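Coordinates as given in protein18.cif (mmCIF, C-alpha atoms):
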data_input
loop_
_atom_site.group_PDB
_atom_site.id
_atom_site.type_symbol
_atom_site.label_atom_id
_atom_site.label_comp_id
_atom_site.auth_asym_id
_atom_site.auth_seq_id
_atom_site.Cartn_x
_atom_site.Cartn_y
_atom_site.Cartn_z
ATOM 1 C CA MET E 1 11.126 -11.777 3.452
ATOM 2 C CA HIS E 2 11.183 -12.488 7.179
ATOM 3 C CA ALA E 3 13.049 -9.245 7.892
ATOM 4 C CA PHE E 4 10.670 -7.298 5.662
ATOM 5 C CA PHE E 5 7.659 -8.605 7.582
ATOM 6 C CA LEU E 6 9.371 -7.676 10.851
ATOM 7 C CA GLY E 7 10.055 -4.160 9.588
ATOM 8 C CA THR E 8 6.453 -3.753 8.448
ATOM 9 C CA SER E 9 5.201 -4.888 11.858
ATOM 10 C CA LEU E 10 7.448 -2.390 13.609
ATOM 11 C CA PHE E 11 6.277 0.420 11.298
ATOM 12 C CA LEU E 12 2.645 -0.417 12.058
ATOM 13 C CA CYS E 13 3.428 -0.454 15.796
ATOM 14 C CA LEU E 14 4.873 3.051 15.384
ATOM 15 C CA LEU E 15 1.647 4.163 13.672
ATOM 16 C CA VAL E 16 -0.349 2.666 16.548
ATOM 17 C CA LEU E 17 1.685 4.810 18.953
ATOM 18 C CA VAL E 18 0.882 7.893 16.847
ATOM 19 C CA CYS E 19 -2.831 7.010 16.913
ATOM 20 C CA LEU E 20 -2.605 6.618 20.686
ATOM 21 C CA TYR E 21 -2.044 10.389 20.873
ATOM 22 C CA ARG E 22 -5.590 10.930 19.605
ATOM 23 C CA VAL E 23 -6.960 8.323 22.021
ATOM 24 C CA ILE E 24 -5.375 9.964 25.052
ATOM 25 C CA TRP E 25 -5.663 13.691 24.219
ATOM 26 C CA GLY E 26 -8.691 13.591 21.911
ATOM 27 C CA PRO E 27 -10.985 16.584 22.456
ATOM 28 C CA THR E 28 -14.223 14.598 22.489
ATOM 29 C CA THR E 29 -15.252 11.050 23.313
ATOM 30 C CA ILE E 30 -16.118 10.229 19.709
ATOM 31 C CA ASP E 31 -12.603 11.206 18.567
ATOM 32 C CA ARG E 32 -11.182 8.685 21.013
ATOM 33 C CA MET E 33 -13.521 6.021 19.695
ATOM 34 C CA VAL E 34 -12.564 6.664 16.063
ATOM 35 C CA ALA E 35 -8.866 6.479 16.945
ATOM 36 C CA ALA E 36 -9.459 3.225 18.836
ATOM 37 C CA GLY E 37 -11.132 1.811 15.731
ATOM 38 C CA ALA E 38 -8.138 2.829 13.617
ATOM 39 C CA ILE E 39 -5.804 1.125 16.110
ATOM 40 C CA GLY E 40 -7.928 -2.027 15.859
ATOM 41 C CA THR E 41 -7.611 -1.996 12.076
ATOM 42 C CA LYS E 42 -3.827 -1.765 12.309
ATOM 43 C CA THR E 43 -3.732 -4.504 14.952
ATOM 44 C CA LEU E 44 -5.500 -6.798 12.464
ATOM 45 C CA ILE E 45 -2.566 -6.571 10.072
ATOM 46 C CA ILE E 46 -0.002 -6.843 12.882
ATOM 47 C CA LEU E 47 -1.631 -10.101 14.059
ATOM 48 C CA VAL E 48 -1.441 -11.681 10.590
ATOM 49 C CA LEU E 49 2.189 -10.563 10.223
ATOM 50 C CA MET E 50 2.959 -12.114 13.634
ATOM 51 C CA GLY E 51 1.469 -15.343 12.338
ATOM 52 C CA PHE E 52 3.896 -15.269 9.407
ATOM 53 C CA LEU E 53 6.817 -14.426 11.702
ATOM 54 C CA TYR E 54 6.132 -17.265 14.159
ATOM 55 C CA ASP E 55 5.062 -19.816 11.466
ATOM 56 C CA ARG E 56 1.709 -20.318 13.202
ATOM 57 C CA ILE E 57 -0.364 -18.799 10.436
ATOM 58 C CA ALA E 58 -3.544 -20.888 10.880
ATOM 59 C CA MET E 59 -4.013 -19.902 14.524
ATOM 60 C CA PHE E 60 -3.234 -16.210 14.006
ATOM 61 C CA ILE E 61 -5.606 -15.904 11.028
ATOM 62 C CA ASP E 62 -8.488 -17.140 13.184
ATOM 63 C CA ILE E 63 -7.546 -14.666 15.926
ATOM 64 C CA SER E 64 -7.394 -11.881 13.357
ATOM 65 C CA MET E 65 -10.823 -12.765 11.966
ATOM 66 C CA VAL E 66 -12.382 -12.660 15.435
ATOM 67 C CA TYR E 67 -10.628 -9.340 16.058
ATOM 68 C CA ALA E 68 -12.101 -7.831 12.880
ATOM 69 C CA ILE E 69 -15.619 -8.904 13.839
ATOM 70 C CA LEU E 70 -15.227 -7.618 17.410
ATOM 71 C CA ASN E 71 -13.893 -4.270 16.157
ATOM 72 C CA PHE E 72 -16.906 -3.851 13.860
ATOM 73 C CA ILE E 73 -19.416 -4.824 16.559
ATOM 74 C CA GLY E 74 -17.762 -2.505 19.061
ATOM 75 C CA THR E 75 -17.971 0.423 16.642
ATOM 76 C CA LEU E 76 -21.649 -0.259 15.922
ATOM 77 C CA ALA E 77 -22.479 -0.630 19.616
ATOM 78 C CA PHE E 78 -20.762 2.643 20.424
ATOM 79 C CA ALA E 79 -22.587 4.417 17.582
ATOM 80 C CA LYS E 80 -25.919 3.136 18.875
ATOM 81 C CA TYR E 81 -25.101 4.207 22.430
ATOM 82 C CA PHE E 82 -23.835 7.615 21.341
ATOM 83 C CA GLU E 83 -26.916 8.285 19.234
ATOM 84 C CA GLY E 84 -29.117 7.530 22.220
ATOM 85 C CA ALA E 85 -27.072 9.492 24.735
ATOM 86 C CA GLY E 86 -26.925 12.718 22.692
ATOM 87 C CA GLU E 87 -24.052 14.130 24.718
ATOM 88 C CA ILE E 88 -20.402 14.486 23.753
ATOM 89 C CA MET N 89 13.356 -12.772 -6.473
ATOM 90 C CA THR N 90 10.221 -14.199 -7.998
ATOM 91 C CA ILE N 91 7.177 -12.328 -9.266
ATOM 92 C CA ALA N 92 5.198 -13.277 -6.114
ATOM 93 C CA ASN N 93 7.821 -11.672 -3.872
ATOM 94 C CA VAL N 94 7.768 -8.483 -5.941
ATOM 95 C CA LEU N 95 3.968 -8.320 -5.719
ATOM 96 C CA THR N 96 4.045 -8.981 -1.971
ATOM 97 C CA VAL N 97 6.566 -6.237 -1.262
ATOM 98 C CA ALA N 98 4.830 -3.732 -3.550
ATOM 99 C CA LEU N 99 1.361 -4.309 -2.084
ATOM 100 C CA LEU N 100 2.652 -4.192 1.505
ATOM 101 C CA VAL N 101 4.441 -0.911 0.810
ATOM 102 C CA ILE N 102 1.249 0.526 -0.743
ATOM 103 C CA GLY N 103 -0.742 -0.616 2.298
ATOM 104 C CA CYS N 104 1.746 0.941 4.713
ATOM 105 C CA PHE N 105 1.616 4.191 2.720
ATOM 106 C CA PHE N 106 -2.164 4.367 3.042
ATOM 107 C CA PHE N 107 -1.946 3.548 6.758
ATOM 108 C CA LEU N 108 0.555 6.406 7.121
ATOM 109 C CA THR N 109 -1.688 8.909 5.320
ATOM 110 C CA GLY N 110 -4.704 7.861 7.384
ATOM 111 C CA THR N 111 -2.765 8.256 10.614
ATOM 112 C CA ILE N 112 -1.428 11.681 9.621
ATOM 113 C CA GLY N 113 -4.975 12.776 8.806
ATOM 114 C CA LEU N 114 -6.246 11.401 12.102
ATOM 115 C CA VAL N 115 -3.694 13.404 14.055
ATOM 116 C CA ARG N 116 -3.541 16.627 12.031
ATOM 117 C CA PHE N 117 -7.084 17.415 10.854
ATOM 118 C CA PRO N 118 -9.067 19.991 12.870
ATOM 119 C CA ASP N 119 -12.480 18.372 13.064
ATOM 120 C CA PHE N 120 -14.148 15.086 13.910
ATOM 121 C CA TYR N 121 -15.713 14.751 10.449
ATOM 122 C CA ALA N 122 -12.426 15.501 8.707
ATOM 123 C CA ARG N 123 -10.624 12.901 10.836
ATOM 124 C CA MET N 124 -13.299 10.345 10.019
ATOM 125 C CA HIS N 125 -12.940 11.228 6.344
ATOM 126 C CA ALA N 126 -9.200 10.687 6.488
ATOM 127 C CA THR N 127 -9.117 7.432 8.387
ATOM 128 C CA GLY N 128 -12.290 5.726 7.212
ATOM 129 C CA LYS N 129 -11.384 5.254 3.571
ATOM 130 C CA SER N 130 -7.619 4.937 3.581
ATOM 131 C CA ASP N 131 -7.622 2.284 6.311
ATOM 132 C CA THR N 132 -10.027 0.136 4.314
ATOM 133 C CA LEU N 133 -7.838 0.243 1.216
ATOM 134 C CA ALA N 134 -4.702 -0.343 3.288
ATOM 135 C CA VAL N 135 -6.148 -3.453 4.936
ATOM 136 C CA PHE N 136 -7.211 -4.782 1.549
ATOM 137 C CA CYS N 137 -3.739 -4.230 0.053
ATOM 138 C CA CYS N 138 -1.889 -5.760 3.013
ATOM 139 C CA LEU N 139 -4.085 -8.861 3.219
ATOM 140 C CA LEU N 140 -3.896 -9.365 -0.563
ATOM 141 C CA ALA N 141 -0.095 -9.175 -0.345
ATOM 142 C CA LEU N 142 0.019 -11.769 2.442
ATOM 143 C CA ALA N 143 -2.362 -14.065 0.545
ATOM 144 C CA ILE N 144 -0.113 -13.862 -2.535
ATOM 145 C CA HIS N 145 2.903 -14.636 -0.353
ATOM 146 C CA HIS N 146 1.212 -17.672 1.222
ATOM 147 C CA GLY N 147 0.170 -19.196 -2.069
ATOM 148 C CA LEU N 148 -2.836 -21.277 -2.969
ATOM 149 C CA ALA N 149 -4.133 -22.746 0.306
ATOM 150 C CA LEU N 150 -7.031 -22.567 2.735
ATOM 151 C CA ASP N 151 -5.264 -19.926 4.828
ATOM 152 C CA SER N 152 -4.961 -17.502 1.917
ATOM 153 C CA PHE N 153 -8.659 -17.992 1.246
ATOM 154 C CA LYS N 154 -9.318 -17.051 4.878
ATOM 155 C CA LEU N 155 -7.128 -13.967 4.429
ATOM 156 C CA LEU N 156 -9.211 -12.894 1.436
ATOM 157 C CA LEU N 157 -12.343 -13.553 3.503
ATOM 158 C CA ILE N 158 -11.060 -11.154 6.195
ATOM 159 C CA ALA N 159 -10.293 -8.614 3.451
ATOM 160 C CA VAL N 160 -13.816 -8.823 2.017
ATOM 161 C CA PHE N 161 -15.335 -8.589 5.498
ATOM 162 C CA VAL N 162 -13.312 -5.470 6.334
ATOM 163 C CA TYR N 163 -14.185 -4.031 2.916
ATOM 164 C CA VAL N 164 -17.876 -4.300 3.819
ATOM 165 C CA ALA N 165 -17.722 -3.637 7.557
ATOM 166 C CA ASN N 166 -15.334 -0.675 7.819
ATOM 167 C CA PRO N 167 -17.387 1.786 5.687
ATOM 168 C CA THR N 168 -20.522 0.617 7.477
ATOM 169 C CA GLY N 169 -18.997 1.414 10.846
ATOM 170 C CA THR N 170 -17.728 4.755 9.556
ATOM 171 C CA HIS N 171 -21.180 5.676 8.292
ATOM 172 C CA ALA N 172 -22.867 4.595 11.533
ATOM 173 C CA ILE N 173 -20.519 6.562 13.758
ATOM 174 C CA CYS N 174 -20.733 9.685 11.548
ATOM 175 C CA ARG N 175 -24.527 9.565 11.540
ATOM 176 C CA ALA N 176 -24.553 9.136 15.314
ATOM 177 C CA ALA N 177 -22.286 12.159 15.718
ATOM 178 C CA PHE N 178 -24.425 14.264 13.367
ATOM 179 C CA ARG N 179 -27.613 13.363 15.217
ATOM 180 C CA ALA N 180 -25.981 14.022 18.567
ATOM 181 C CA GLY N 181 -25.210 17.548 17.364
ATOM 182 C CA VAL N 182 -21.470 17.640 16.683
ATOM 183 C CA LYS N 183 -20.876 20.822 14.684
ATOM 184 C CA PRO N 184 -18.603 20.719 11.606
ATOM 185 C CA TRP N 185 -15.478 22.879 11.678
ATOM 186 C CA THR N 186 -15.613 26.174 9.779
ATOM 187 C CA ARG N 187 -12.910 28.729 9.125
ATOM 188 C CA LYS N 188 -13.194 31.520 11.661
ATOM 189 C CA THR N 189 -11.896 34.312 9.402
ATOM 190 C CA ASN N 190 -14.703 33.953 6.847
ATOM 191 C CA LYS N 191 -17.387 35.079 9.287
#

For this file, produce the structure as structure tokens.
Amino acid sequence: MHAFFLGTSLFLCLLVLVCLYRVIWGPTTIDRMVAAGAIGTKTLIILVLMGFLYDRIAMFIDISMVYAILNFIGTLAFAKYFEGAGEI
Amino acid sequence: MTIANVLTVALLVIGCFFFLTGTIGLVRFPDFYARMHATGKSDTLAVFCCLLALAIHHGLALDSFKLLLIAVFVYVANPTGTHAICRAAFRAGVKPWTRKTNK
């Protein structure tokens, strides 16, 4: 099970690298923001899997919870700012 | 190989599959709205599947309850964020993609 969790973490890291393409070469600012949100969602799962790999599950679950809340608040703050700015 | 291990592996594989489809849609689709459509829904389901698998693997404890709490939070928060960012883009005047040959 340990090796399976490690393989899943590596697969998700690969997907994060693919998402990073859209962050770097995204045509508009809002594309970059959406891709950053998707990377944050994948990082959530990677953090919990790291907790299982290192046997420090209690600490990593709290970190992951804070990360989920920060990702959501960041997305909402960007949406509010973008709606006010009205420029791509 | 117990039934919990089988469920864990199956749900993690399903979650990784939905992450893969969301990422492919994010990279390959032509438009901002289409990318949002691809990644907003599949990522939510993938997070739910992965966290449910890890909670089943951990067993009945406080930590698995926290994992389910994260899953429920993401299940509420991720569509809300998707809706907010799409509405902001629509009000800021981002045009949807249309096929050029139909004009």

Query raised in the report: Can you list what the PyMOL selection byres ((chain N) within 8 of (chain E)) grabs from this structure, as a ChimeraX atom specification?
Result: /N:100,104,107-108,111,114-115,120,124,127,131,135,138-139,151,154-155,158,162,165-166,169,172-173,176-177,179-182

Query raised in the report: Could you state the separation of CA of Ser152 in chain N and CA of Leu140 in chain N in Å, given to one decimal place?
Result: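 Computed distance, CA of Ser152 in chain N to CA of Leu140 in chain N, equals 8.6 Å.
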
Requested in this report: Choose the residue, out of N:Ala122, N:Val160, N:Val94, N:Cys137, that has the smallest atom-to-atom separation from Lys183 in chain N; count all atoms listed in the file.
Outcome: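 Smallest separation from Lys183 in chain N among the options: N:Ala122.
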
Query raised in the report: So how far away is CA of Asp119 in chain N from CA of Trp185 in chain N, in Å?
Result: 5.6 Å

Mind working out the centre and edge lengths of an axis-aligned box for range 58-73 of chain E, all listed atoms inside, 5 Å added to each side, rounded to one decimal in Å and written as lines of an AutoDock Vina configuration file?
center_x = -11.3
center_y = -12.4
center_z = 14.1
size_x = 26.2
size_y = 27.0
size_z = 16.5

Query - Atomic distance CA of Gly128 in chain N - CA of Thr168 in chain N, expressed in Å with one decimal - result: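 It comes out at 9.7 Å.
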
Query raised in the report: Can you list, as a PyMOL selection string, the residues that the PyMOL selection byres ((chain N and resi 96) around 9) selects here?
Result: chain N and resi 91-95+97-101+138+140-145

**Report entry** Best match for closeness to Ala126 in chain N among N:Arg187, N:Ala159, N:Thr170, N:Val164, counting only C-alpha atoms
**Finding:**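 Selected residue with least distance to Ala126 in chain N: N:Thr170.
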
Query raised in the report: If you count all atoms listed in the file, which residues fall within 8 Å of Phe60 in chain E, apart from same-chain ones fewer than 5 positions away, as a list in words?
Result: Leu47, Val48, Met50 and Gly51 of chain E

Query raised in the report: Closest to Ala3 in chain E among E:Leu53, E:Thr29, E:Ile63, E:Ile46, using only C-alpha atoms?
Result: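 That would be E:Leu53, the residue with the smallest distance to Ala3 in chain E.
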